[in-house]
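Here is the structure we will look at.
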Amino acid sequence: MAKTENKIVVTGLNVWFLEKQALKSINMYIQENHITAIIGPSGCGKSTFVRCLNRMHETVAGATTSGTVFLDGENILGSDIDPVMVRRKVGMVFQKPTPFPTMTIFENVAAGLKLNGDKDRKKLTVVVEASLRQAALWDEVKDSLDKPGSSLSGGQQQRLCIARALAVKPEVLLLDEPCSALDPISTGKIEELLHQLKKNLTVVIVTHNMQQAARVADFTGFFLLGELIEFDVTTRIFTAPADKRTEDYVTGRFG
């Protein structure tokens with residue numbers, strides 16, 4: 001039976017980039033071993049919110065925050081917390097597949113491990129295979145591990161990036177529009193993969209695709225103009241939303 005503890009608890013989160021406020025007093029929880037979808041129109045703060053969950057927002061010049069993001073009860077926004085350690089626990093996959101172009105498929109998956117100091121080839125081989133299997137890519141690439149990661153199709157490259165993130169054994173996986181550039185078959189493989197991954201991971205996905213959120217997510221948060229308008233079980237968000245703005249968005253009246 002899936003756990004129901006909160007893996008992440010966000011309270012009073014505000015984010016500014018210089019003078020512009022991107023997020024306004026966000027309060028939200030993310031349950032362990034579940035998939036949470038973040039939906040909303042372009043520019044509403046979805047990506048900013050997800051990047052706060054592993055402090056990637058800090059890579060943007062002029063970013064400031066207030067509020068808290070608790071991961072397993074520890075405020076990861078605290079000044080005494082090393083962002084590198086946070087990112088080891090909370091992996092991220094971006095909208096555009098980003099395999100390292102000069103590295104082989106094997107080297108792409110092993111990159112994070114090597115960065116952490118793991119050099120033992122036998123161990124790397126075991127982890128690379130396990131990660132590619134987890135990402136549902138092993139059978140497609142097992143005979144071409146020495147080929148460049150960039151030689152794969154777009155959908156395969158995205159699964160390679162997921163395998164690379166999984167190799168360092170994160171506890172949370174963030175995906176920012178991971179299927180927006182993919183064909184329907186590749187999208188279906190990613191969605192099927194997410195259902196498998198949540199058995200061992202907590203997953204947060206940003207998506208513009210309403211049908212995708214309805215298919216894969218246990219919980220859904222609707223963002224608008226930097227505010228969290230509504231957060232609930234996905235079926236309620238799409239069938240009986242409490243806020244008229246949510247209803248208008250999920251039924252296609254704007255967005």
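Ordering of the structure tokens sets the chain letters (A, B, ...), residue numbers begin anew at 1 in every chain, and ligands are numbered from 1 in the order given.
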Could you name the residues that touch Thr48 (chain A) at 10 Å or less, counting only C-alpha atoms, but leaving out those on the same chain fewer than 5 positions away, as a tab-separated table (two decimals) with N, CA and C atoms, in the first residue's frame?
chain	number	residue	atom	x	y	z
A	15	VAL	N	8.32	34.43	-4.13
A	15	VAL	CA	9.54	34.51	-4.93
A	15	VAL	C	9.51	35.78	-5.76
A	16	TRP	N	10.64	36.48	-5.75
A	16	TRP	CA	10.81	37.66	-6.60
A	16	TRP	C	12.03	37.46	-7.49
A	22	ALA	N	7.05	36.61	-8.62
A	22	ALA	CA	6.65	35.48	-9.46
A	22	ALA	C	5.70	34.52	-8.73
A	23	LEU	N	5.86	34.38	-7.40
A	23	LEU	CA	4.98	33.53	-6.60
A	23	LEU	C	4.51	34.29	-5.38
A	43	GLY	N	3.42	31.59	-17.87
A	43	GLY	CA	3.75	32.75	-17.05
A	43	GLY	C	3.06	32.80	-15.70
A	53	LEU	N	11.67	23.82	-5.42
A	53	LEU	CA	11.70	22.57	-4.67
A	53	LEU	C	13.08	21.93	-4.65
A	55	ARG	N	15.83	24.32	-5.32
A	55	ARG	CA	16.60	25.57	-5.28
A	55	ARG	C	17.25	25.92	-6.62
A	56	MET	N	16.71	25.38	-7.70
A	56	MET	CA	17.21	25.77	-9.02
A	56	MET	C	16.86	27.22	-9.35
A	57	HIS	N	15.82	27.76	-8.71
A	57	HIS	CA	15.45	29.16	-8.98
A	57	HIS	C	16.59	30.11	-8.62
A	176	ASP	N	9.69	19.27	-15.67
A	176	ASP	CA	9.13	20.53	-16.15
A	176	ASP	C	8.77	20.39	-17.62
A	226	GLY	N	0.81	33.74	-10.50
A	226	GLY	CA	1.67	33.60	-9.34
A	226	GLY	C	1.00	33.09	-8.08
Inset, instruction - Mind checking which residues fall within 12 Å of Ser153 (chain A), counting only C-alpha atoms, ignoring those fewer than 6 positions away in the same chain, and posting them as a PyMOL selection string? - result: chain A and resi 97+99+137+140-141+159-160+181-183+185-186
With only C-alpha atoms as the counted atoms, please give the residues lying no more than 8 Å from Leu145 (chain A), apart from itself and same-chain residues fewer than 3 positions off, as a PDB file with C-alpha atoms, in the first residue's frame.
ATOM      1  CA  THR A 104      28.108   8.411 -24.810  1.00  0.00           C
ATOM      2  CA  ILE A 105      24.819   6.992 -23.569  1.00  0.00           C
ATOM      3  CA  PHE A 106      26.725   5.209 -20.799  1.00  0.00           C
ATOM      4  CA  VAL A 141      20.035   1.048 -26.120  1.00  0.00           C
ATOM      5  CA  LYS A 142      21.784  -1.919 -24.458  1.00  0.00           C
TER       6      LYS A 142
END
Inset, instruction - Just give me the gap between CA of Thr251 (chain A) and CA of Phe238 (chain A) in Å, one decimal is fine. - result: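 Separating CA of Thr251 (chain A) from CA of Phe238 (chain A) is a distance of 8.3 Å.
Distance annotation: of A:Gly149, A:Val250, A:Cys52, A:Ala217, the residue with the minimal separation from Met103 (chain A) is A:Gly149; atom set is only C-alpha atoms.
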Inset, instruction - Would you please work out which residue, of A:Ile35, A:Val172, A:Val204, A:Leu224, is nearest to Phe254 (chain A) when using only C-alpha atoms? - result: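 Checking each of A:Ile35, A:Val172, A:Val204, A:Leu224 against Phe254 (chain A), counting only C-alpha atoms, the winner is A:Leu224.
Reported to one decimal place, the separation of CA of Ala163 (chain A) from CA of Leu124 (chain A) is 12.9 Å.
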Inset, instruction - Can you check which residues of region 56-157 of chain A DSSP gives as helix (DSSP H, G or I) on the backbone and send them as a ChimeraX atom specification? - result: /A:56-59,83-89,105-115,121-134,138-141,149-151,154-157
Deliver the residues from the most recent selection as a file, using N, CA and C atoms, as a tab-separated table (two decimals), in the first residue's frame.
chain	number	residue	atom	x	y	z
A	56	MET	N	16.71	25.38	-7.70
A	56	MET	CA	17.21	25.77	-9.02
A	56	MET	C	16.86	27.22	-9.35
A	57	HIS	N	15.82	27.76	-8.71
A	57	HIS	CA	15.45	29.16	-8.98
A	57	HIS	C	16.59	30.11	-8.62
A	58	GLU	N	17.46	29.66	-7.71
A	58	GLU	CA	18.56	30.52	-7.27
A	58	GLU	C	19.62	30.74	-8.35
A	59	THR	N	19.56	29.94	-9.42
A	59	THR	CA	20.52	30.11	-10.51
A	59	THR	C	20.17	31.32	-11.38
A	83	PRO	N	22.70	23.78	-1.32
A	83	PRO	CA	21.82	23.48	-2.44
A	83	PRO	C	22.24	22.23	-3.22
A	84	VAL	N	23.53	21.94	-3.26
A	84	VAL	CA	24.00	20.75	-3.97
A	84	VAL	C	23.44	19.48	-3.33
A	85	MET	N	23.40	19.46	-1.99
A	85	MET	CA	22.84	18.31	-1.29
A	85	MET	C	21.34	18.18	-1.56
A	86	VAL	N	20.67	19.34	-1.63
A	86	VAL	CA	19.23	19.33	-1.94
A	86	VAL	C	19.00	18.69	-3.31
A	87	ARG	N	19.84	19.09	-4.28
A	87	ARG	CA	19.64	18.61	-5.66
A	87	ARG	C	19.99	17.15	-5.83
A	88	ARG	N	20.76	16.60	-4.90
A	88	ARG	CA	21.00	15.16	-4.93
A	88	ARG	C	19.75	14.39	-4.52
A	89	LYS	N	18.99	14.98	-3.60
A	89	LYS	CA	17.75	14.34	-3.16
A	89	LYS	C	16.59	14.62	-4.11
A	105	ILE	N	26.01	7.31	-24.37
A	105	ILE	CA	24.82	6.99	-23.57
A	105	ILE	C	25.24	6.56	-22.17
A	106	PHE	N	26.22	5.68	-22.10
A	106	PHE	CA	26.73	5.21	-20.80
A	106	PHE	C	27.23	6.39	-19.95
A	107	GLU	N	28.06	7.23	-20.55
A	107	GLU	CA	28.66	8.35	-19.81
A	107	GLU	C	27.60	9.35	-19.35
A	108	ASN	N	26.54	9.53	-20.15
A	108	ASN	CA	25.46	10.43	-19.75
A	108	ASN	C	24.81	9.97	-18.46
A	109	VAL	N	24.51	8.67	-18.39
A	109	VAL	CA	23.84	8.15	-17.19
A	109	VAL	C	24.77	8.18	-15.99
A	110	ALA	N	26.06	7.92	-16.24
A	110	ALA	CA	27.04	7.84	-15.14
A	110	ALA	C	27.55	9.20	-14.69
A	111	ALA	N	27.17	10.26	-15.39
A	111	ALA	CA	27.78	11.58	-15.15
A	111	ALA	C	27.63	12.05	-13.70
A	112	GLY	N	26.43	11.92	-13.16
A	112	GLY	CA	26.20	12.38	-11.78
A	112	GLY	C	26.96	11.56	-10.77
A	113	LEU	N	27.04	10.27	-11.01
A	113	LEU	CA	27.79	9.39	-10.11
A	113	LEU	C	29.27	9.76	-10.08
A	114	LYS	N	29.83	10.02	-11.28
A	114	LYS	CA	31.24	10.40	-11.35
A	114	LYS	C	31.48	11.73	-10.65
A	115	LEU	N	30.53	12.64	-10.80
A	115	LEU	CA	30.64	13.94	-10.14
A	115	LEU	C	30.67	13.78	-8.63
A	121	ARG	N	34.29	1.14	-12.18
A	121	ARG	CA	33.61	0.81	-13.43
A	121	ARG	C	32.53	-0.26	-13.24
A	122	LYS	N	32.82	-1.24	-12.39
A	122	LYS	CA	31.85	-2.31	-12.16
A	122	LYS	C	30.57	-1.76	-11.53
A	123	LYS	N	30.74	-0.89	-10.53
A	123	LYS	CA	29.58	-0.28	-9.88
A	123	LYS	C	28.82	0.61	-10.87
A	124	LEU	N	29.57	1.39	-11.65
A	124	LEU	CA	28.92	2.28	-12.62
A	124	LEU	C	28.10	1.46	-13.62
A	125	THR	N	28.64	0.34	-14.06
A	125	THR	CA	27.95	-0.50	-15.04
A	125	THR	C	26.63	-1.01	-14.48
A	126	VAL	N	26.65	-1.43	-13.22
A	126	VAL	CA	25.44	-1.94	-12.57
A	126	VAL	C	24.39	-0.83	-12.45
A	127	VAL	N	24.83	0.36	-12.02
A	127	VAL	CA	23.89	1.46	-11.80
A	127	VAL	C	23.35	1.98	-13.13
A	128	VAL	N	24.20	2.07	-14.14
A	128	VAL	CA	23.75	2.54	-15.45
A	128	VAL	C	22.67	1.62	-16.01
A	129	GLU	N	22.91	0.30	-15.93
A	129	GLU	CA	21.88	-0.63	-16.43
A	129	GLU	C	20.59	-0.49	-15.63
A	130	ALA	N	20.70	-0.44	-14.32
A	130	ALA	CA	19.51	-0.34	-13.47
A	130	ALA	C	18.73	0.94	-13.78
A	131	SER	N	19.45	2.04	-13.98
A	131	SER	CA	18.80	3.33	-14.24
A	131	SER	C	18.12	3.34	-15.61
A	132	LEU	N	18.77	2.76	-16.60
A	132	LEU	CA	18.18	2.68	-17.93
A	132	LEU	C	16.95	1.76	-17.93
A	133	ARG	N	17.02	0.70	-17.13
A	133	ARG	CA	15.84	-0.17	-16.99
A	133	ARG	C	14.69	0.60	-16.33
A	134	GLN	N	15.02	1.35	-15.27
A	134	GLN	CA	14.00	2.14	-14.59
A	134	GLN	C	13.35	3.14	-15.54
A	138	TRP	N	16.47	0.57	-21.45
A	138	TRP	CA	17.55	-0.41	-21.56
A	138	TRP	C	17.45	-1.27	-22.81
A	139	ASP	N	16.27	-1.82	-23.07
A	139	ASP	CA	16.13	-2.73	-24.21
A	139	ASP	C	16.42	-2.04	-25.54
A	140	GLU	N	16.22	-0.73	-25.59
A	140	GLU	CA	16.43	0.01	-26.83
A	140	GLU	C	17.89	0.43	-27.05
A	141	VAL	N	18.67	0.50	-25.98
A	141	VAL	CA	20.04	1.05	-26.12
A	141	VAL	C	21.13	0.11	-25.62
A	149	GLY	N	24.84	10.20	-26.73
A	149	GLY	CA	23.47	10.36	-26.26
A	149	GLY	C	22.63	11.17	-27.22
A	150	SER	N	23.27	12.09	-27.93
A	150	SER	CA	22.56	12.95	-28.87
A	150	SER	C	22.12	12.21	-30.13
A	151	SER	N	22.56	10.95	-30.30
A	151	SER	CA	22.16	10.17	-31.48
A	151	SER	C	20.78	9.56	-31.31
A	154	GLY	N	14.18	12.04	-29.93
A	154	GLY	CA	13.79	12.98	-28.87
A	154	GLY	C	13.21	12.30	-27.66
A	155	GLY	N	12.31	11.32	-27.89
A	155	GLY	CA	11.72	10.61	-26.77
A	155	GLY	C	12.72	9.78	-26.00
A	156	GLN	N	13.65	9.17	-26.73
A	156	GLN	CA	14.71	8.39	-26.07
A	156	GLN	C	15.65	9.30	-25.30
A	157	GLN	N	15.96	10.47	-25.85
A	157	GLN	CA	16.82	11.42	-25.14
A	157	GLN	C	16.18	11.85	-23.83
Inset, instruction - Give the answer as one residue: which of A:Met92, A:Val168, A:Val10, A:Ala214 has the shortest atom-to-atom distance to Asn75 (chain A), using only C-alpha atoms? - result: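 Answer, going by the shortest atom-to-atom distance: A:Val10.
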Inset, instruction - One decimal, Å: what's the distance from CA of Ile229 (chain A) over to CA of Leu197 (chain A), could you say? - result: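 Interatomic distance, CA of Ile229 (chain A) to CA of Leu197 (chain A): 27.8 Å.
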Legend entry - Residue neighbourhood Phe70 (chain A), 12 Å, only C-alpha atoms, exclusion window fewer than 5 positions, as a PyMOL selection string: chain A and resi 6-13+27-30+52-54+75-78+81+86
Serialized selection, C-alpha atoms, as a PDB file, in the first residue's frame:
ATOM      1  CA  ASN A   6       3.842  14.503   3.099  1.00  0.00           C
ATOM      2  CA  LYS A   7       7.272  14.462   1.478  1.00  0.00           C
ATOM      3  CA  ILE A   8       7.318  18.224   0.878  1.00  0.00           C
ATOM      4  CA  VAL A   9       5.398  20.957   2.691  1.00  0.00           C
ATOM      5  CA  VAL A  10       5.462  24.498   1.285  1.00  0.00           C
ATOM      6  CA  THR A  11       4.300  27.371   3.502  1.00  0.00           C
ATOM      7  CA  GLY A  12       4.029  31.071   2.684  1.00  0.00           C
ATOM      8  CA  LEU A  13       6.380  30.819  -0.305  1.00  0.00           C
ATOM      9  CA  ASN A  27       0.884  26.904   0.671  1.00  0.00           C
ATOM     10  CA  MET A  28       0.940  23.337  -0.600  1.00  0.00           C
ATOM     11  CA  TYR A  29       1.931  19.792   0.301  1.00  0.00           C
ATOM     12  CA  ILE A  30       3.317  17.020  -1.890  1.00  0.00           C
ATOM     13  CA  CYS A  52      12.054  26.197  -5.724  1.00  0.00           C
ATOM     14  CA  LEU A  53      11.701  22.570  -4.672  1.00  0.00           C
ATOM     15  CA  ASN A  54      15.391  21.956  -5.396  1.00  0.00           C
ATOM     16  CA  ASN A  75      13.585  23.693   5.530  1.00  0.00           C
ATOM     17  CA  ILE A  76      15.696  23.411   2.380  1.00  0.00           C
ATOM     18  CA  LEU A  77      15.599  27.187   1.847  1.00  0.00           C
ATOM     19  CA  GLY A  78      17.580  27.707   5.050  1.00  0.00           C
ATOM     20  CA  ILE A  81      21.495  24.116   3.750  1.00  0.00           C
ATOM     21  CA  VAL A  86      19.231  19.328  -1.937  1.00  0.00           C
TER      22      VAL A  86
END
Shell around Pro184 (chain A) at 12 Å using only C-alpha atoms, local window under 3 positions removed, as an mmCIF file with C-alpha atoms, in the first residue's frame:
data_model
loop_
_atom_site.group_PDB
_atom_site.id
_atom_site.type_symbol
_atom_site.label_atom_id
_atom_site.label_comp_id
_atom_site.auth_asym_id
_atom_site.auth_seq_id
_atom_site.Cartn_x
_atom_site.Cartn_y
_atom_site.Cartn_z
ATOM 1 C CA GLY A 154 13.791 12.983 -28.866
ATOM 2 C CA GLY A 155 11.719 10.614 -26.766
ATOM 3 C CA CYS A 179 6.641 15.763 -22.998
ATOM 4 C CA SER A 180 5.977 19.110 -24.681
ATOM 5 C CA ALA A 181 8.382 18.396 -27.557
ATOM 6 C CA THR A 187 4.635 10.802 -24.430
ATOM 7 C CA GLY A 188 2.772 7.586 -23.653
ATOM 8 C CA LYS A 189 6.035 5.849 -22.710
ATOM 9 C CA ILE A 190 6.991 8.695 -20.353
ATOM 10 C CA GLU A 191 3.556 8.636 -18.713
ATOM 11 C CA ASN A 209 -1.570 19.261 -21.183
ATOM 12 C CA GLN A 212 -1.852 14.401 -19.273
#
Backbone DSSP call of strand (DSSP E or B) for region 185-248 of chain A, listed as a PDB file with N, CA and C atoms, in the first residue's frame:
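After the write, states.pdb holds the following:
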ATOM      1  N   THR A 202       8.810  10.193  -5.209  1.00  0.00           N
ATOM      2  CA  THR A 202       7.761  11.211  -5.229  1.00  0.00           C
ATOM      3  C   THR A 202       7.967  12.019  -6.504  1.00  0.00           C
ATOM      4  N   VAL A 203       6.908  12.199  -7.287  1.00  0.00           N
ATOM      5  CA  VAL A 203       7.032  12.823  -8.606  1.00  0.00           C
ATOM      6  C   VAL A 203       6.195  14.094  -8.668  1.00  0.00           C
ATOM      7  N   VAL A 204       6.803  15.162  -9.204  1.00  0.00           N
ATOM      8  CA  VAL A 204       6.082  16.418  -9.459  1.00  0.00           C
ATOM      9  C   VAL A 204       6.282  16.761 -10.922  1.00  0.00           C
ATOM     10  N   ILE A 205       5.179  16.975 -11.644  1.00  0.00           N
ATOM     11  CA  ILE A 205       5.260  17.262 -13.074  1.00  0.00           C
ATOM     12  C   ILE A 205       4.525  18.556 -13.412  1.00  0.00           C
ATOM     13  N   VAL A 206       5.210  19.440 -14.127  1.00  0.00           N
ATOM     14  CA  VAL A 206       4.580  20.636 -14.688  1.00  0.00           C
ATOM     15  C   VAL A 206       4.095  20.276 -16.087  1.00  0.00           C
ATOM     16  N   PHE A 219      -2.655  14.159  -7.495  1.00  0.00           N
ATOM     17  CA  PHE A 219      -3.051  15.477  -7.008  1.00  0.00           C
ATOM     18  C   PHE A 219      -2.686  16.521  -8.060  1.00  0.00           C
ATOM     19  N   THR A 220      -3.441  17.617  -8.096  1.00  0.00           N
ATOM     20  CA  THR A 220      -3.168  18.674  -9.070  1.00  0.00           C
ATOM     21  C   THR A 220      -3.312  20.036  -8.406  1.00  0.00           C
ATOM     22  N   GLY A 221      -2.341  20.927  -8.704  1.00  0.00           N
ATOM     23  CA  GLY A 221      -2.412  22.313  -8.263  1.00  0.00           C
ATOM     24  C   GLY A 221      -2.564  23.235  -9.461  1.00  0.00           C
ATOM     25  N   PHE A 222      -3.529  24.147  -9.399  1.00  0.00           N
ATOM     26  CA  PHE A 222      -3.766  25.103 -10.486  1.00  0.00           C
ATOM     27  C   PHE A 222      -3.227  26.471 -10.087  1.00  0.00           C
ATOM     28  N   PHE A 223      -2.258  26.947 -10.867  1.00  0.00           N
ATOM     29  CA  PHE A 223      -1.632  28.247 -10.622  1.00  0.00           C
ATOM     30  C   PHE A 223      -2.144  29.281 -11.617  1.00  0.00           C
ATOM     31  N   LEU A 224      -2.273  30.524 -11.151  1.00  0.00           N
ATOM     32  CA  LEU A 224      -2.701  31.634 -12.011  1.00  0.00           C
ATOM     33  C   LEU A 224      -2.088  32.917 -11.471  1.00  0.00           C
ATOM     34  N   GLU A 227      -0.285  32.802  -8.158  1.00  0.00           N
ATOM     35  CA  GLU A 227      -1.019  32.309  -6.986  1.00  0.00           C
ATOM     36  C   GLU A 227      -1.462  30.870  -7.201  1.00  0.00           C
ATOM     37  N   LEU A 228      -1.523  30.111  -6.110  1.00  0.00           N
ATOM     38  CA  LEU A 228      -2.109  28.777  -6.153  1.00  0.00           C
ATOM     39  C   LEU A 228      -3.607  28.949  -5.930  1.00  0.00           C
ATOM     40  N   ILE A 229      -4.366  28.785  -7.002  1.00  0.00           N
ATOM     41  CA  ILE A 229      -5.811  29.012  -6.927  1.00  0.00           C
ATOM     42  C   ILE A 229      -6.514  27.849  -6.254  1.00  0.00           C
ATOM     43  N   GLU A 230      -6.072  26.632  -6.595  1.00  0.00           N
ATOM     44  CA  GLU A 230      -6.741  25.453  -6.047  1.00  0.00           C
ATOM     45  C   GLU A 230      -5.794  24.261  -6.083  1.00  0.00           C
ATOM     46  N   PHE A 231      -5.863  23.456  -5.031  1.00  0.00           N
ATOM     47  CA  PHE A 231      -5.069  22.221  -4.949  1.00  0.00           C
ATOM     48  C   PHE A 231      -5.950  21.135  -4.377  1.00  0.00           C
ATOM     49  N   ASP A 232      -6.025  20.003  -5.078  1.00  0.00           N
ATOM     50  CA  ASP A 232      -6.930  18.947  -4.624  1.00  0.00           C
ATOM     51  C   ASP A 232      -6.568  17.640  -5.324  1.00  0.00           C
ATOM     52  N   VAL A 233      -7.309  16.604  -4.963  1.00  0.00           N
ATOM     53  CA  VAL A 233      -7.220  15.343  -5.688  1.00  0.00           C
ATOM     54  C   VAL A 233      -7.557  15.627  -7.156  1.00  0.00           C
TER      55      VAL A 233
END
Legend entry - Minimum-distance residue to Asn200 (chain A), chosen among A:Asn33, A:Thr64, A:Arg215, A:Gly252 (using only C-alpha atoms): A:Asn33
